[in-house]
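First up is the structure itself, then whatever we jot down about it.
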There are 2 protein chains.
Amino acid sequence: MRLSTRGEYASRAMLELSLNWPRRPLHIRDISQAQHIPERFLEQILLLLKRAGYLRSKKGPHGGYHLARPPAEITVAEVIRVMDGPLAPIDCVSVTAHEVCPLEATCGLRWLWKDVRDAVARILERTTFADLARRARRLPAAGGIRKKKR
Amino acid sequence: MRLSTRGEYASRAMLELSLNWPRRPLHIRDISQAQHIPERFLEQILLLLKRAGYLRSKKGPHGGYHLARPPAEITVAEVIRVMDGPLAPIDCVSVTAHEVCPLEATCGLRWLWKDVRDAVARILERTTFADLARRARRLPAAGGIRKKKR
DNA sequence: TAATAGTCGATAATTTCAATTGACTAACTA
DNA sequence: TAGTTAGTCAATTGAAATTATCGACTATTA
């Protein structure tokens, strides 16, 4: 029942970008350092998020990534789905992947996995990156969310 | 956010054993055939469940596996934990794994993953195999058994 | 045009997962 | 007690997914 590292990195990166919103773009490197994500791996992740329409990018000096929409309009569920696919614990219960389950007896379990899927989806679909940013800012904030040195 | 095949097989096998409870033991082969689970793989799974105290076994003719406790006293959460470990989507939020997260900014996400973990745990901890068996029996049973005539 | 910074495809490294194997032990039954 | 049934166990293989890295490329800016 685990979230992939990709999914975790993606949500952390999106949060970092949301904390920065709507200021100038962030470099891959800045996000990487702030969130301790391997730079080249993060590069891939951001590219996927861009292709999926959640980020925009700019090349060259003063380039970088920024959100394509305000944080309040992006849910965690969307981001996780882009990175990891359906939220459902098994396919026969997925809204986005639906697969017909050939076993009768499995059906004794189907409603349960559906309950789980729904519970997870409910939480992740109602939580936006604005919610996350709001709560992140309120924290005692040790060390440095804001980091300006170069 | 996926359930492993192991976890799925284990819960199917436990359901099969619960449907049979408290009659005589089931052979690995019977469970394997009823639930379409590779026999030698199922063997491993049942052994783990036995070692964890959920099953008892008997060798020789008329041997097989049976539940160590009544289905009403075994939750799905327990079985999934035996097979796949903690229910939590990430470790820093797990009740059974516990890991200190070194990042401040991540904490902006921590509460969310905790909510997800709790939601999943709540469902899987309140659902017993007796619940599953009850609902499985009630199904129309498309392939094999016809509904009883009256 | 030099430096910056994202783009892209390929692939390497690692880990996890699913499954298989063979040799073994216990229990029953004829 | 011999023979068969059935679970036990450790080791390992194979495959797939995941995580991560690389190098060459393109766009942008000063």
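Starting from 1 in every chain, residues are counted up; chains themselves are A, B, ... following the order of the structure tokens, and ligands are numbered from 1 as listed.
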Q) After a least-squares superposition of chain B on chain A over all Cα atoms matched in order, what is the RMSD to one decimal? A) 3.6 Å
Q. Within 10 Å of DA5 (chain C), counting only C-alpha atoms (C1' of nucleotides), which residues qualify if same-chain residues fewer than 3 places away don't, as number ranges by chain?
A. A: 27-29, 57-64; D: 27-28
Using only N, CA, C and O atoms (P, O5', C5', C4', C3', O3' and C1' of nucleotides), please write the residues we just selected to a file, as a PDB file, in the first residue's frame.
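And here is the file that came out, part-v3.pdb:
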```pdb
ATOM      1  N   HIS A  27      14.504  26.998 -10.372  1.00  0.00           N
ATOM      2  CA  HIS A  27      15.363  26.073 -11.108  1.00  0.00           C
ATOM      3  C   HIS A  27      15.169  24.661 -10.568  1.00  0.00           C
ATOM      4  O   HIS A  27      14.880  24.492  -9.378  1.00  0.00           O
ATOM      5  N   ILE A  28      15.408  23.709 -11.432  1.00  0.00           N
ATOM      6  CA  ILE A  28      15.402  22.318 -10.989  1.00  0.00           C
ATOM      7  C   ILE A  28      16.314  22.170  -9.771  1.00  0.00           C
ATOM      8  O   ILE A  28      15.955  21.563  -8.769  1.00  0.00           O
ATOM      9  N   ARG A  29      17.489  22.795  -9.865  1.00  0.00           N
ATOM     10  CA  ARG A  29      18.477  22.644  -8.794  1.00  0.00           C
ATOM     11  C   ARG A  29      17.953  23.150  -7.451  1.00  0.00           C
ATOM     12  O   ARG A  29      18.211  22.545  -6.405  1.00  0.00           O
ATOM     13  N   SER A  57       7.516  25.807 -18.184  1.00  0.00           N
ATOM     14  CA  SER A  57       8.953  25.987 -17.984  1.00  0.00           C
ATOM     15  C   SER A  57       9.494  27.062 -18.907  1.00  0.00           C
ATOM     16  O   SER A  57       8.868  27.419 -19.899  1.00  0.00           O
ATOM     17  N   LYS A  58      10.638  27.525 -18.541  1.00  0.00           N
ATOM     18  CA  LYS A  58      11.300  28.548 -19.340  1.00  0.00           C
ATOM     19  C   LYS A  58      12.782  28.211 -19.377  1.00  0.00           C
ATOM     20  O   LYS A  58      13.376  27.908 -18.340  1.00  0.00           O
ATOM     21  N   LYS A  59      13.346  28.246 -20.553  1.00  0.00           N
ATOM     22  CA  LYS A  59      14.772  27.921 -20.676  1.00  0.00           C
ATOM     23  C   LYS A  59      15.627  29.165 -20.479  1.00  0.00           C
ATOM     24  O   LYS A  59      15.127  30.278 -20.439  1.00  0.00           O
ATOM     25  N   GLY A  60      16.913  28.932 -20.404  1.00  0.00           N
ATOM     26  CA  GLY A  60      17.869  30.037 -20.329  1.00  0.00           C
ATOM     27  C   GLY A  60      17.934  30.700 -18.975  1.00  0.00           C
ATOM     28  O   GLY A  60      17.225  30.313 -18.049  1.00  0.00           O
ATOM     29  N   PRO A  61      18.786  31.699 -18.868  1.00  0.00           N
ATOM     30  CA  PRO A  61      18.961  32.434 -17.614  1.00  0.00           C
ATOM     31  C   PRO A  61      17.619  32.931 -17.072  1.00  0.00           C
ATOM     32  O   PRO A  61      16.769  33.365 -17.852  1.00  0.00           O
ATOM     33  N   HIS A  62      17.475  32.837 -15.782  1.00  0.00           N
ATOM     34  CA  HIS A  62      16.207  33.170 -15.122  1.00  0.00           C
ATOM     35  C   HIS A  62      15.061  32.288 -15.569  1.00  0.00           C
ATOM     36  O   HIS A  62      13.900  32.672 -15.482  1.00  0.00           O
ATOM     37  N   GLY A  63      15.434  31.144 -16.077  1.00  0.00           N
ATOM     38  CA  GLY A  63      14.391  30.190 -16.455  1.00  0.00           C
ATOM     39  C   GLY A  63      13.986  29.370 -15.253  1.00  0.00           C
ATOM     40  O   GLY A  63      14.228  29.756 -14.104  1.00  0.00           O
ATOM     41  N   GLY A  64      13.372  28.225 -15.534  1.00  0.00           N
ATOM     42  CA  GLY A  64      12.955  27.348 -14.445  1.00  0.00           C
ATOM     43  C   GLY A  64      11.524  26.888 -14.623  1.00  0.00           C
ATOM     44  O   GLY A  64      10.925  27.071 -15.688  1.00  0.00           O
TER      45      GLY A  64
ATOM     46  P    DA D  27      14.834  25.044 -30.688  1.00  0.00           P
ATOM     47  O5'  DA D  27      14.703  26.029 -29.446  1.00  0.00           O
ATOM     48  C5'  DA D  27      13.769  25.712 -28.416  1.00  0.00           C
ATOM     49  C4'  DA D  27      14.020  26.649 -27.254  1.00  0.00           C
ATOM     50  C3'  DA D  27      13.938  28.126 -27.602  1.00  0.00           C
ATOM     51  O3'  DA D  27      13.076  28.700 -26.648  1.00  0.00           O
ATOM     52  C1'  DA D  27      15.968  27.660 -26.464  1.00  0.00           C
ATOM     53  P    DT D  28      12.608  30.237 -26.770  1.00  0.00           P
ATOM     54  O5'  DT D  28      13.663  30.904 -25.786  1.00  0.00           O
ATOM     55  C5'  DT D  28      13.625  30.569 -24.397  1.00  0.00           C
ATOM     56  C4'  DT D  28      14.694  31.361 -23.673  1.00  0.00           C
ATOM     57  C3'  DT D  28      14.678  32.847 -23.980  1.00  0.00           C
ATOM     58  O3'  DT D  28      14.406  33.500 -22.754  1.00  0.00           O
ATOM     59  C1'  DT D  28      16.889  31.972 -24.001  1.00  0.00           C
TER      60       DT D  28
END
```
List the neighbours of DC17 (chain C) out to 12 Å using only C-alpha atoms (C1' of nucleotides); skip same-chain residues closer than 2 positions along the sequence, and give me the result as an mmCIF file with N, CA, C and O atoms (P, O5', C5', C4', C3', O3' and C1' of nucleotides), in the first residue's frame.
```cif
data_model
loop_
_atom_site.group_PDB
_atom_site.id
_atom_site.type_symbol
_atom_site.label_atom_id
_atom_site.label_comp_id
_atom_site.auth_asym_id
_atom_site.auth_seq_id
_atom_site.Cartn_x
_atom_site.Cartn_y
_atom_site.Cartn_z
ATOM 1 N N LEU B 3 -1.859 -2.603 -3.827
ATOM 2 C CA LEU B 3 -1.732 -3.781 -2.984
ATOM 3 C C LEU B 3 -0.900 -4.794 -3.759
ATOM 4 O O LEU B 3 -1.124 -4.997 -4.950
ATOM 5 N N SER B 4 0.043 -5.439 -3.091
ATOM 6 C CA SER B 4 0.860 -6.432 -3.782
ATOM 7 C C SER B 4 0.027 -7.666 -4.111
ATOM 8 O O SER B 4 -1.007 -7.927 -3.489
ATOM 9 N N THR B 5 0.506 -8.416 -5.091
ATOM 10 C CA THR B 5 -0.160 -9.659 -5.451
ATOM 11 C C THR B 5 -0.187 -10.588 -4.236
ATOM 12 O O THR B 5 -1.174 -11.273 -3.993
ATOM 13 N N ARG B 6 0.901 -10.580 -3.512
ATOM 14 C CA ARG B 6 0.957 -11.387 -2.285
ATOM 15 C C ARG B 6 -0.180 -11.055 -1.331
ATOM 16 O O ARG B 6 -0.845 -11.954 -0.796
ATOM 17 N N GLY B 7 -0.374 -9.756 -1.134
ATOM 18 C CA GLY B 7 -1.434 -9.323 -0.237
ATOM 19 C C GLY B 7 -2.799 -9.734 -0.757
ATOM 20 O O GLY B 7 -3.676 -10.156 0.006
ATOM 21 N N PHE B 41 3.401 -20.759 -5.110
ATOM 22 C CA PHE B 41 3.451 -19.402 -4.550
ATOM 23 C C PHE B 41 2.505 -19.320 -3.354
ATOM 24 O O PHE B 41 2.849 -18.787 -2.289
ATOM 25 N N MET B 83 1.803 -9.726 5.174
ATOM 26 C CA MET B 83 2.315 -9.926 3.830
ATOM 27 C C MET B 83 3.113 -8.751 3.301
ATOM 28 O O MET B 83 4.149 -8.924 2.678
ATOM 29 N N ASP B 84 2.624 -7.559 3.525
ATOM 30 C CA ASP B 84 3.200 -6.383 2.867
ATOM 31 C C ASP B 84 3.818 -5.377 3.812
ATOM 32 O O ASP B 84 4.334 -4.361 3.367
ATOM 33 P P DT C 15 19.926 -1.534 -3.709
ATOM 34 O "O5'" DT C 15 18.387 -1.911 -3.834
ATOM 35 C "C5'" DT C 15 17.466 -0.906 -4.277
ATOM 36 C "C4'" DT C 15 16.133 -1.546 -4.553
ATOM 37 C "C3'" DT C 15 15.749 -2.617 -3.521
ATOM 38 O "O3'" DT C 15 14.540 -2.174 -2.958
ATOM 39 C "C1'" DT C 15 15.352 -3.374 -5.737
ATOM 40 P P DA C 19 2.973 -14.891 -9.738
ATOM 41 O "O5'" DA C 19 4.103 -16.011 -9.753
ATOM 42 C "C5'" DA C 19 5.058 -15.983 -10.802
ATOM 43 C "C4'" DA C 19 6.119 -17.034 -10.536
ATOM 44 C "C3'" DA C 19 5.577 -18.418 -10.201
ATOM 45 O "O3'" DA C 19 5.843 -19.229 -11.328
ATOM 46 C "C1'" DA C 19 7.494 -17.836 -8.881
ATOM 47 P P DG D 14 17.140 -18.357 -14.565
ATOM 48 O "O5'" DG D 14 15.851 -17.508 -14.937
ATOM 49 C "C5'" DG D 14 14.602 -17.894 -14.401
ATOM 50 C "C4'" DG D 14 13.645 -16.741 -14.531
ATOM 51 C "C3'" DG D 14 14.041 -15.723 -15.598
ATOM 52 O "O3'" DG D 14 12.908 -15.614 -16.434
ATOM 53 C "C1'" DG D 14 13.649 -14.630 -13.514
ATOM 54 P P DA D 15 12.895 -14.600 -17.655
ATOM 55 O "O5'" DA D 15 12.001 -13.446 -17.031
ATOM 56 C "C5'" DA D 15 10.859 -13.800 -16.245
ATOM 57 C "C4'" DA D 15 10.254 -12.534 -15.713
ATOM 58 C "C3'" DA D 15 10.297 -11.370 -16.691
ATOM 59 O "O3'" DA D 15 9.004 -10.824 -16.674
ATOM 60 C "C1'" DA D 15 11.273 -10.715 -14.629
ATOM 61 P P DA D 16 8.574 -9.804 -17.834
ATOM 62 O "O5'" DA D 16 8.188 -8.559 -16.909
ATOM 63 C "C5'" DA D 16 7.552 -8.821 -15.652
ATOM 64 C "C4'" DA D 16 7.779 -7.661 -14.738
ATOM 65 C "C3'" DA D 16 7.668 -6.299 -15.426
ATOM 66 O "O3'" DA D 16 6.650 -5.614 -14.743
ATOM 67 C "C1'" DA D 16 9.594 -6.395 -14.025
ATOM 68 P P DA D 17 6.053 -4.264 -15.317
ATOM 69 O "O5'" DA D 17 6.491 -3.309 -14.121
ATOM 70 C "C5'" DA D 17 6.339 -3.773 -12.788
ATOM 71 C "C4'" DA D 17 7.176 -2.941 -11.875
ATOM 72 C "C3'" DA D 17 7.070 -1.441 -12.125
ATOM 73 O "O3'" DA D 17 6.777 -0.849 -10.883
ATOM 74 C "C1'" DA D 17 9.350 -2.107 -12.015
ATOM 75 P P DT D 18 6.390 0.673 -10.760
ATOM 76 O "O5'" DT D 18 7.625 1.206 -9.919
ATOM 77 C "C5'" DT D 18 8.376 0.301 -9.117
ATOM 78 C "C4'" DT D 18 9.723 0.889 -8.782
ATOM 79 C "C3'" DT D 18 9.784 2.408 -8.778
ATOM 80 O "O3'" DT D 18 10.189 2.785 -7.474
ATOM 81 C "C1'" DT D 18 11.617 1.469 -9.987
#
```
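Atom to atom, CA of Gly53 (chain B) and CA of Ala68 (chain B) stand 6.9 Å apart.
Each of A:Ile123, A:Ile37, A:Leu19, A:Val82 was compared to Tyr54 (chain A) using only C-alpha atoms, and A:Val82 turns out to be the nearest.
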Please find the residues of chain A near chain B - the criterion being any atom within 6 Å, counting only C-alpha atoms - and write them as a compact mmCIF listing (two decimals) with N, CA and C atoms, in the first residue's frame.
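And here is the file that came out, result_22.txt:
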```
# COMPACT_ATOMS: atom_id res chain seq x y z
N MET A 1 0.85 -1.21 0.00
CA MET A 1 0.00 0.00 0.00
C MET A 1 0.86 1.24 0.00
N ARG A 2 1.94 1.17 -0.71
CA ARG A 2 2.94 2.22 -0.64
C ARG A 2 2.85 3.25 -1.77
N LEU A 3 3.24 4.44 -1.42
CA LEU A 3 3.39 5.48 -2.43
C LEU A 3 4.79 5.34 -3.01
N LEU A 87 -5.32 5.34 -8.26
CA LEU A 87 -5.18 5.31 -6.82
C LEU A 87 -5.60 3.97 -6.22
N PRO A 89 -6.16 0.21 -4.96
CA PRO A 89 -5.24 -0.83 -4.52
C PRO A 89 -5.17 -2.00 -5.49
N GLY A 108 -16.09 -11.18 -3.09
CA GLY A 108 -16.24 -11.06 -1.65
C GLY A 108 -15.30 -10.01 -1.09
N VAL A 116 -11.72 1.16 0.21
CA VAL A 116 -10.38 1.72 0.44
C VAL A 116 -10.04 2.76 -0.63
N VAL A 120 -9.31 6.78 0.05
CA VAL A 120 -8.06 7.44 -0.35
C VAL A 120 -8.35 8.57 -1.33
N LEU A 132 -1.86 22.43 1.30
CA LEU A 132 -0.57 21.96 1.79
C LEU A 132 0.36 23.13 2.11
N ARG A 135 -0.56 24.94 5.32
CA ARG A 135 -0.15 24.24 6.53
C ARG A 135 1.36 24.14 6.67
N ALA A 136 2.05 24.12 5.56
CA ALA A 136 3.52 24.06 5.62
C ALA A 136 4.06 25.37 6.19
```
(Q) Just list as a count of residues only whatever in region 53-142 of chain B DSSP marks as helix (DSSP H, G or I). (A) 45
Q.
Using only C-alpha atoms (C1' of nucleotides) and a distance of at most 10 Å, pull out the residues of chain D that contact chain A, as number ranges by chain.
A. D: 18-22, 26-30
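Within 8 Å of chain B, and counting only C-alpha atoms (C1' of nucleotides), chain C contributes C:DA18, C:DA19, C:DT20, C:DA26, C:DA27, C:DC28.
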Dump N, CA and C atoms (P, O5', C5', C4', C3', O3' and C1' of nucleotides) for the selected residues as a short mmCIF file (atom, residue, chain, number, x, y, z; two decimals), in the first residue's frame?
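Below is the file that was written, again_21.cif:
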```cif
data_model
loop_
_atom_site.label_atom_id
_atom_site.label_comp_id
_atom_site.auth_asym_id
_atom_site.auth_seq_id
_atom_site.Cartn_x
_atom_site.Cartn_y
_atom_site.Cartn_z
P DA C 18 3.98 -9.42 -6.08
"O5'" DA C 18 4.43 -10.65 -6.97
"C5'" DA C 18 4.68 -10.44 -8.34
"C4'" DA C 18 5.11 -11.74 -8.97
"C3'" DA C 18 4.25 -12.93 -8.57
"O3'" DA C 18 3.85 -13.55 -9.78
"C1'" DA C 18 6.55 -13.40 -8.17
P DA C 19 2.97 -14.89 -9.74
"O5'" DA C 19 4.10 -16.01 -9.75
"C5'" DA C 19 5.06 -15.98 -10.80
"C4'" DA C 19 6.12 -17.03 -10.54
"C3'" DA C 19 5.58 -18.42 -10.20
"O3'" DA C 19 5.84 -19.23 -11.33
"C1'" DA C 19 7.49 -17.84 -8.88
P DT C 20 5.56 -20.81 -11.34
"O5'" DT C 20 6.99 -21.36 -10.89
"C5'" DT C 20 8.16 -20.82 -11.52
"C4'" DT C 20 9.39 -21.61 -11.07
"C3'" DT C 20 9.17 -23.11 -10.93
"O3'" DT C 20 10.18 -23.74 -11.70
"C1'" DT C 20 10.17 -22.24 -8.97
P DA C 26 9.64 -34.70 11.79
"O5'" DA C 26 8.07 -34.80 11.63
"C5'" DA C 26 7.32 -33.62 11.44
"C4'" DA C 26 5.92 -34.00 11.02
"C3'" DA C 26 5.28 -35.09 11.88
"O3'" DA C 26 4.03 -34.57 12.29
"C1'" DA C 26 5.15 -35.65 9.57
P DA C 27 3.04 -35.42 13.18
"O5'" DA C 27 2.13 -36.10 12.07
"C5'" DA C 27 1.19 -35.29 11.36
"C4'" DA C 27 0.37 -36.20 10.48
"C3'" DA C 27 -0.34 -37.33 11.25
"O3'" DA C 27 -1.70 -37.23 10.87
"C1'" DA C 27 0.84 -38.19 9.39
P DC C 28 -2.81 -37.97 11.77
"O5'" DC C 28 -3.24 -39.15 10.78
"C5'" DC C 28 -3.89 -38.79 9.57
"C4'" DC C 28 -3.60 -39.87 8.54
"C3'" DC C 28 -4.31 -41.19 8.80
"O3'" DC C 28 -5.36 -41.27 7.84
"C1'" DC C 28 -2.10 -41.48 7.95
#
```
